[in-house]
Structure formats: structure tokens, C-alpha cells
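The next block is start.txt, given as compact mmCIF, C-alpha atoms.
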```txt
# COMPACT_ATOMS: atom_id res chain seq x y z
CA MET A 603 64.54 -28.76 148.22
CA PRO A 604 60.96 -27.57 147.50
CA LEU A 605 62.29 -24.00 147.37
CA ALA A 606 64.91 -24.99 144.79
CA ILE A 607 62.27 -26.73 142.68
CA LEU A 608 59.97 -23.69 142.93
CA THR A 609 62.82 -21.35 141.94
CA LYS A 610 63.73 -23.53 138.97
CA SER A 611 60.10 -23.74 137.84
CA SER A 612 59.72 -19.96 138.12
CA ALA A 613 62.82 -19.42 135.99
CA GLU A 614 61.53 -21.89 133.39
CA LEU A 615 58.15 -20.16 133.36
CA GLY A 616 59.83 -16.79 132.78
CA ARG A 617 61.79 -18.16 129.84
CA ALA A 618 58.64 -19.83 128.49
CA LEU A 619 56.75 -16.52 128.66
CA LEU A 620 59.49 -14.82 126.65
CA ARG A 621 59.51 -17.61 124.07
CA ALA A 622 55.73 -17.59 123.76
CA SER A 623 55.73 -13.80 123.26
CA ARG A 624 58.45 -14.10 120.64
CA ASP A 625 56.64 -16.94 118.82
CA LEU A 626 53.34 -15.05 118.71
CA ALA A 627 54.93 -11.74 117.66
CA PRO A 628 54.99 -12.51 113.87
CA ILE A 629 51.31 -13.55 113.89
CA ILE A 630 50.27 -10.45 115.82
CA THR A 631 52.34 -8.24 113.50
CA VAL A 632 50.80 -9.68 110.33
CA ILE A 633 47.24 -9.29 111.66
CA ALA A 634 47.91 -5.73 112.84
CA LEU A 635 49.47 -4.68 109.51
CA PHE A 636 46.60 -6.05 107.44
CA GLN A 637 44.00 -4.59 109.78
CA ILE A 638 45.55 -1.11 109.70
CA LEU A 639 47.21 -0.83 106.27
CA VAL A 640 44.99 -3.00 104.06
CA LEU A 641 41.55 -3.00 105.66
CA HIS A 642 41.95 0.49 107.18
CA GLN A 643 39.83 -0.54 110.12
CA PRO A 644 40.42 -0.06 113.85
CA PHE A 645 40.54 -3.12 116.06
CA PRO A 646 37.11 -3.94 117.50
CA GLU A 647 37.16 -4.22 121.29
CA LEU A 648 40.90 -3.61 121.51
CA LEU A 649 41.09 -4.17 125.26
CA SER A 650 39.41 -7.57 124.98
CA ILE A 651 41.79 -8.57 122.19
CA LEU A 652 44.85 -7.54 124.23
CA ALA A 653 43.55 -9.38 127.27
CA GLY A 654 42.95 -12.47 125.14
CA LEU A 655 46.47 -12.31 123.70
CA GLY A 656 47.86 -12.07 127.20
CA LEU A 657 45.94 -15.15 128.26
CA VAL A 658 47.15 -17.03 125.17
CA ILE A 659 50.78 -16.20 125.98
CA ILE A 660 50.36 -17.28 129.60
CA GLY A 661 48.56 -20.47 128.55
CA LEU A 662 51.25 -21.42 126.04
CA ALA A 663 53.99 -20.78 128.58
CA LEU A 664 52.26 -22.86 131.27
CA PHE A 665 51.62 -25.64 128.76
CA VAL A 666 55.26 -25.83 127.68
CA VAL A 667 56.55 -25.80 131.25
CA GLY A 668 54.03 -28.48 132.17
CA LEU A 669 55.26 -30.68 129.35
CA ASP A 670 58.89 -30.27 130.40
CA ILE A 671 58.41 -30.99 134.09
CA GLY A 672 55.47 -33.39 133.92
CA LEU A 673 54.34 -35.23 130.80
CA PHE A 674 57.68 -35.87 129.08
CA PRO A 675 59.42 -37.31 132.18
CA LEU A 676 56.33 -39.36 133.01
CA GLY A 677 56.09 -40.90 129.54
CA GLU A 678 59.80 -41.72 129.40
CA THR A 679 59.80 -43.24 132.89
CA LEU A 680 56.81 -45.47 132.15
CA ALA A 681 58.37 -46.66 128.88
CA GLU A 682 61.67 -47.46 130.57
CA GLU A 683 59.98 -49.36 133.42
CA PHE A 684 57.87 -51.48 131.06
CA ALA A 685 60.93 -52.23 128.90
CA ARG A 686 62.95 -53.34 131.94
CA LYS A 687 60.17 -55.67 133.11
CA GLY A 688 60.44 -57.46 129.77
CA SER A 689 56.72 -58.19 129.41
CA LEU A 690 55.71 -57.62 125.79
CA PHE A 691 52.02 -58.13 126.54
CA TRP A 692 51.85 -55.43 129.22
CA LEU A 693 53.99 -53.05 127.16
CA LEU A 694 51.71 -53.38 124.12
CA LEU A 695 48.59 -53.13 126.29
CA PHE A 696 49.96 -49.96 127.87
CA ALA A 697 50.84 -48.55 124.43
CA PHE A 698 47.32 -49.21 123.13
CA ALA A 699 45.66 -47.76 126.22
CA LEU A 700 47.91 -44.68 126.11
CA GLY A 701 47.18 -44.01 122.44
CA ALA A 702 43.43 -44.58 122.70
CA GLY A 703 43.03 -42.79 126.03
CA THR A 704 44.87 -39.63 125.06
CA THR A 705 43.05 -39.46 121.72
CA VAL A 706 39.61 -39.62 123.33
CA ALA A 707 40.60 -36.57 125.40
CA GLU A 708 41.81 -34.50 122.43
CA PRO A 709 39.78 -31.23 122.35
CA ALA A 710 40.42 -30.72 118.63
CA LEU A 711 39.12 -34.19 117.80
CA ILE A 712 35.98 -33.62 119.88
CA ALA A 713 35.29 -30.39 117.99
CA VAL A 714 35.93 -31.86 114.53
CA THR A 715 33.82 -34.98 115.07
CA ARG A 716 31.00 -32.85 116.43
CA GLU A 717 31.05 -30.61 113.35
CA GLY A 718 31.32 -33.67 111.10
CA ALA A 719 28.23 -35.18 112.71
CA LYS A 720 26.29 -31.92 112.23
CA ALA A 721 27.31 -31.81 108.56
CA ALA A 722 26.25 -35.44 108.12
CA ALA A 723 22.86 -34.61 109.63
CA GLU A 724 22.42 -31.61 107.34
CA ALA A 725 23.30 -33.79 104.35
CA GLY A 726 20.62 -36.31 105.33
CA LEU A 727 23.06 -39.14 106.10
CA ILE A 728 21.78 -39.42 109.66
CA GLU A 729 18.73 -38.14 111.49
CA ASN A 730 18.96 -34.44 112.29
CA ILE A 731 18.33 -34.85 116.00
CA SER A 732 20.69 -34.41 118.92
CA ALA A 733 20.79 -38.10 119.83
CA SER A 734 21.82 -39.18 116.31
CA ILE A 735 24.40 -36.40 116.02
CA ASP A 736 25.93 -37.28 119.40
CA ARG A 737 25.96 -40.99 118.56
CA TYR A 738 27.62 -40.40 115.19
CA ALA A 739 30.24 -38.05 116.66
CA LEU A 740 31.02 -40.54 119.42
CA GLY A 741 31.32 -43.35 116.88
CA VAL A 742 33.86 -41.42 114.81
CA ARG A 743 35.73 -40.36 117.94
CA LEU A 744 35.99 -43.91 119.29
CA THR A 745 37.03 -45.15 115.86
CA VAL A 746 39.87 -42.63 115.79
CA ALA A 747 40.86 -43.57 119.34
CA LEU A 748 41.06 -47.26 118.41
CA SER A 749 43.10 -46.40 115.32
CA VAL A 750 45.63 -44.39 117.31
CA GLY A 751 45.90 -47.17 119.89
CA ALA A 752 46.63 -49.62 117.07
CA ALA A 753 49.16 -47.20 115.57
CA ILE A 754 51.06 -46.87 118.84
CA VAL A 755 51.17 -50.66 119.22
CA LEU A 756 52.55 -50.90 115.67
CA GLY A 757 55.08 -48.16 116.45
CA VAL A 758 56.26 -49.91 119.61
CA LEU A 759 56.68 -53.18 117.68
CA ARG A 760 58.65 -51.26 115.07
CA ILE A 761 61.05 -50.00 117.74
CA LEU A 762 61.39 -53.46 119.29
CA ARG A 763 61.83 -55.33 116.00
CA GLY A 764 63.72 -52.67 114.06
CA TRP A 765 61.19 -52.43 111.23
CA SER A 766 61.62 -49.76 108.57
CA LEU A 767 59.55 -46.65 109.23
CA PRO A 768 59.49 -45.45 105.57
CA VAL A 769 58.13 -48.84 104.45
CA LEU A 770 55.29 -48.64 107.00
CA ILE A 771 54.47 -45.02 106.10
CA VAL A 772 54.54 -45.53 102.33
CA GLY A 773 52.52 -48.73 102.60
CA GLY A 774 50.01 -47.00 104.87
CA TYR A 775 49.46 -44.08 102.51
CA MET A 776 49.05 -46.46 99.58
CA LEU A 777 46.26 -48.10 101.57
CA VAL A 778 44.77 -44.65 102.28
CA MET A 779 44.72 -43.83 98.55
CA LEU A 780 43.16 -47.20 97.75
CA MET A 781 40.44 -46.80 100.37
CA THR A 782 39.73 -43.26 99.14
CA LEU A 783 38.51 -44.78 95.88
CA PHE A 784 35.91 -46.93 97.64
CA ALA A 785 34.94 -44.92 100.73
CA PRO A 786 31.79 -42.75 100.62
CA LYS A 787 32.75 -39.28 99.45
CA GLU A 788 30.94 -37.77 102.44
CA ILE A 789 33.41 -39.36 104.88
CA VAL A 790 36.71 -38.85 103.02
CA GLY A 791 37.27 -35.24 104.07
CA LEU A 792 36.41 -35.98 107.69
CA ALA A 793 38.78 -38.98 107.63
CA TYR A 794 41.64 -36.85 106.34
CA ASP A 795 41.02 -34.15 108.93
CA SER A 796 40.81 -36.74 111.70
CA GLY A 797 44.39 -37.72 110.93
CA GLY A 798 45.51 -34.16 111.48
CA VAL A 799 43.62 -33.25 114.64
CA THR A 800 44.39 -36.55 116.36
CA THR A 801 48.01 -35.68 117.01
CA SER A 802 47.46 -32.59 119.11
CA THR A 803 48.15 -31.19 122.57
CA VAL A 804 47.44 -34.27 124.68
CA THR A 805 48.60 -37.13 122.47
CA VAL A 806 51.88 -35.82 121.07
CA PRO A 807 53.85 -35.24 124.31
CA LEU A 808 53.06 -38.61 125.89
CA VAL A 809 53.46 -40.63 122.70
CA THR A 810 56.75 -38.94 121.83
CA ALA A 811 58.06 -39.52 125.35
CA LEU A 812 57.00 -43.18 125.10
CA GLY A 813 58.93 -43.72 121.87
CA VAL A 814 62.07 -41.90 122.99
CA GLY A 815 62.08 -43.59 126.40
CA LEU A 816 61.63 -47.01 124.85
CA ALA A 817 64.39 -46.49 122.29
CA ARG A 818 66.70 -45.16 125.00
CA THR A 819 66.17 -48.27 127.14
CA ILE A 820 66.53 -50.99 124.49
CA ARG A 821 70.09 -51.93 123.61
CA GLY A 822 70.99 -51.22 120.00
CA ARG A 823 68.29 -48.60 119.47
CA ASP A 824 69.00 -44.92 118.86
CA PRO A 825 66.49 -42.47 120.43
CA LEU A 826 66.94 -40.10 117.47
CA THR A 827 66.43 -42.59 114.64
CA ASP A 828 64.21 -45.15 116.39
CA GLY A 829 62.42 -43.12 119.07
CA PHE A 830 60.48 -40.89 116.71
CA GLY A 831 57.91 -41.83 114.10
CA LEU A 832 55.03 -42.84 116.36
CA ILE A 833 53.25 -39.58 115.65
CA ALA A 834 53.43 -40.20 111.90
CA LEU A 835 51.75 -43.57 112.36
CA ALA A 836 49.17 -42.04 114.69
CA SER A 837 48.31 -39.49 111.98
CA LEU A 838 48.02 -42.16 109.31
CA THR A 839 45.80 -44.83 110.83
CA PRO A 840 42.78 -42.57 111.63
CA MET A 841 42.29 -41.91 107.92
CA ILE A 842 42.07 -45.65 107.25
CA PHE A 843 39.84 -46.43 110.20
CA VAL A 844 37.42 -43.53 109.63
CA MET A 845 36.99 -44.42 105.95
CA LEU A 846 36.30 -47.99 107.06
CA PHE A 847 33.77 -46.57 109.53
CA GLY A 848 32.13 -44.71 106.63
CA LEU A 849 31.94 -47.90 104.55
CA ILE A 850 30.20 -49.71 107.41
CA VAL A 851 27.84 -46.91 108.48
CA HIS A 852 26.92 -45.42 105.10
```
Write-out of the structure in C-alpha cells:
Amino acid sequence: MPLAILTKSSAELGRALLRASRDLAPIITVIALFQILVLHQPFPELLSILAGLGLVIIGLALFVVGLDIGLFPLGETLAEEFARKGSLFWLLLFAFALGAGTTVAEPALIAVTREGAKAAAEAGLIENISASIDRYALGVRLTVALSVGAAIVLGVLRILRGWSLPVLIVGGYMLVMLMTLFAPKEIVGLAYDSGGVTTSTVTVPLVTALGVGLARTIRGRDPLTDGFGLIALASLTPMIFVMLFGLIVH
């Protein structure tokens, strides 16, 4: 049995390596053409670049295989088990903890909030010392985490109650536009970017698996029409929460 699993995983890894190479080929081609034909410059440190590309391909392949054999099945199984237990409180608590916990661990969010804090310090909004920068970045990061947790809870309730996703999305973006008029201009751009970087490598697989697994378990729900949409909500709420953070802090 372990040998069969190892053989299957090796085959999946091989296919993932081919797919990653194929997906990166257009990007590599465009960069090479512009470097050679437009800029007329040789590649600096060509061996380092090739080694880096190789590592990127291997990393993408391992990441995709890991999602298929680990995160997706785990998220779906947990959603199905909570749905079968029938406890709304524990299901919503799990949804909130999953959304907030995965968001805190997002590397892209960590980087963006750190740069946002540095920019705020340079603009004189906060003290330009490491402690203030770290505190500000952590505040934005925790705000985004809370917003994603709330979004996942709202998304789970939507699946359970059959609420309309377009109504929630349109209403949410109307609130974003309204808050943009009142939020400090220094925080608006960071709020918008927070919505984009939140749904990245860690959050998306688990949240998607949660929604699909939940819709698959509940009678009368379609995994295709009801199981997706959590990511859209998770991208929307950080903009609202971060602008609210800016109104309070600034």
C-alpha cells in the first residue's frame, strides 16, 4: 500500500512538473525576447537565473501536488464532518478560525502590511521607529485576518441559508465605495491591495475546499453553484475592515 501511494505521488509530481514548465514557458519566452531583441542585452548571471527558474518550477509542482493530496481533501473532510454533526456554533467557529488563521500566515499579506507600515512612517502618520512600524503592520494584518474570518462565516451562512451571492457582492462593493469617500486617503490604496493579497497560497485552497465540501454534504446544495464564492467574500471584506481601521487610527 505505501508503495502504491508513493508510485501514484511520483506520477502526479511528474505531471505537475510538466504542467509547471508549460505554464511558465510563455513568461520566460516574453522576457527572453524583450531582453534579446528589444533591450539588446545579455542576461546577467545566466546560470543563477536558470537555477532560479528550475527551483520555481519544482516549487510550483510540489505546491500543486501538496494541494491535491493534502489541503483539498483535508478541507473537504473537515467541512463534511462538521456538517454531519449538525452544530451550527462549532461550524461557524471553525469557519472563522480557518479564515483568520490562514490569513495571518499569508506571506503576501505580511509583505504588503510591512511595506504599508514603512510608507505610513515615511509619510509622518506614525513614528518612524521599528516598534511603531511593527505595531502598525501587525494591526493591519490582524484587521485583515478578522475580516476574512467574518467573510468565511458569512459565506458558510450563505451556503446553509441559500442566500444570493450576487446580492452580497454588489452590496459589499457599494459599501466599499461609500467608505472610500470617508476613509483617509493614505489608507485607501493599502485597503484595496489587502483585498487582493489576502486570497493567496494558504487561504484559497482550504477555504475553497471548505465551501465545496459543505455544499456537497448539505442536501439541496450544488457544489458548483453554492460551493464557490467564499473567496470573493474574503477579497471584499478586507477593504472594508482596513478602511475602518484607518478611520480609527488616523
* To do: Tell me, as JSON, numbers by chain, which residues lie within 8 Å of Val778 in chain A, counting only C-alpha atoms; anything in the same chain fewer than 4 positions away does not count.
  => {"A": [774, 782, 841, 842]}
Spatial neighbours of Met779 in chain A, 12 Å, only C-alpha atoms, chain gap at least 5 places, as a CSV table (one decimal) with C-alpha atoms, in the frame of the given file:
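Output below, filename around05.csv:
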```
chain,number,residue,atom,x,y,z
A,772,VAL,CA,54.5,-45.5,102.3
A,773,GLY,CA,52.5,-48.7,102.6
A,774,GLY,CA,50.0,-47.0,104.9
A,784,PHE,CA,35.9,-46.9,97.6
A,785,ALA,CA,34.9,-44.9,100.7
A,790,VAL,CA,36.7,-38.8,103.0
A,793,ALA,CA,38.8,-39.0,107.6
A,794,TYR,CA,41.6,-36.8,106.3
A,838,LEU,CA,48.0,-42.2,109.3
A,841,MET,CA,42.3,-41.9,107.9
A,842,ILE,CA,42.1,-45.6,107.2
A,845,MET,CA,37.0,-44.4,106.0
```
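In this comparison, which uses all atoms listed in the file, the residue of A:Ser837, A:Thr704, A:Thr745, A:Thr679 approaching Ala817 in chain A most closely is A:Thr679.
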Can you build me a table of range 790-845 of chain A residues sitting at most 8 Å from range 706-715 of chain A, with the closest atom pair per residue and its distance in Å to one decimal, using only C-alpha atoms, sorted by chain and residue number, as JSON lines?
```
{"residue": "A:Leu792", "atom": "CA", "partner": "A:Thr715", "partner_atom": "CA", "distance": 7.9}
{"residue": "A:Asp795", "atom": "CA", "partner": "A:Val714", "partner_atom": "CA", "distance": 7.9}
{"residue": "A:Ser796", "atom": "CA", "partner": "A:Leu711", "partner_atom": "CA", "distance": 6.8}
{"residue": "A:Val799", "atom": "CA", "partner": "A:Leu711", "partner_atom": "CA", "distance": 5.6}
{"residue": "A:Thr800", "atom": "CA", "partner": "A:Leu711", "partner_atom": "CA", "distance": 6.0}
{"residue": "A:Ser802", "atom": "CA", "partner": "A:Glu708", "partner_atom": "CA", "distance": 6.8}
{"residue": "A:Thr803", "atom": "CA", "partner": "A:Glu708", "partner_atom": "CA", "distance": 7.2}
{"residue": "A:Val804", "atom": "CA", "partner": "A:Glu708", "partner_atom": "CA", "distance": 6.1}
{"residue": "A:Thr805", "atom": "CA", "partner": "A:Glu708", "partner_atom": "CA", "distance": 7.3}
```
* Asked: CA of Arg743 in chain A and CA of Leu762 in chain A are how many Å apart?
  -> 28.8 Å
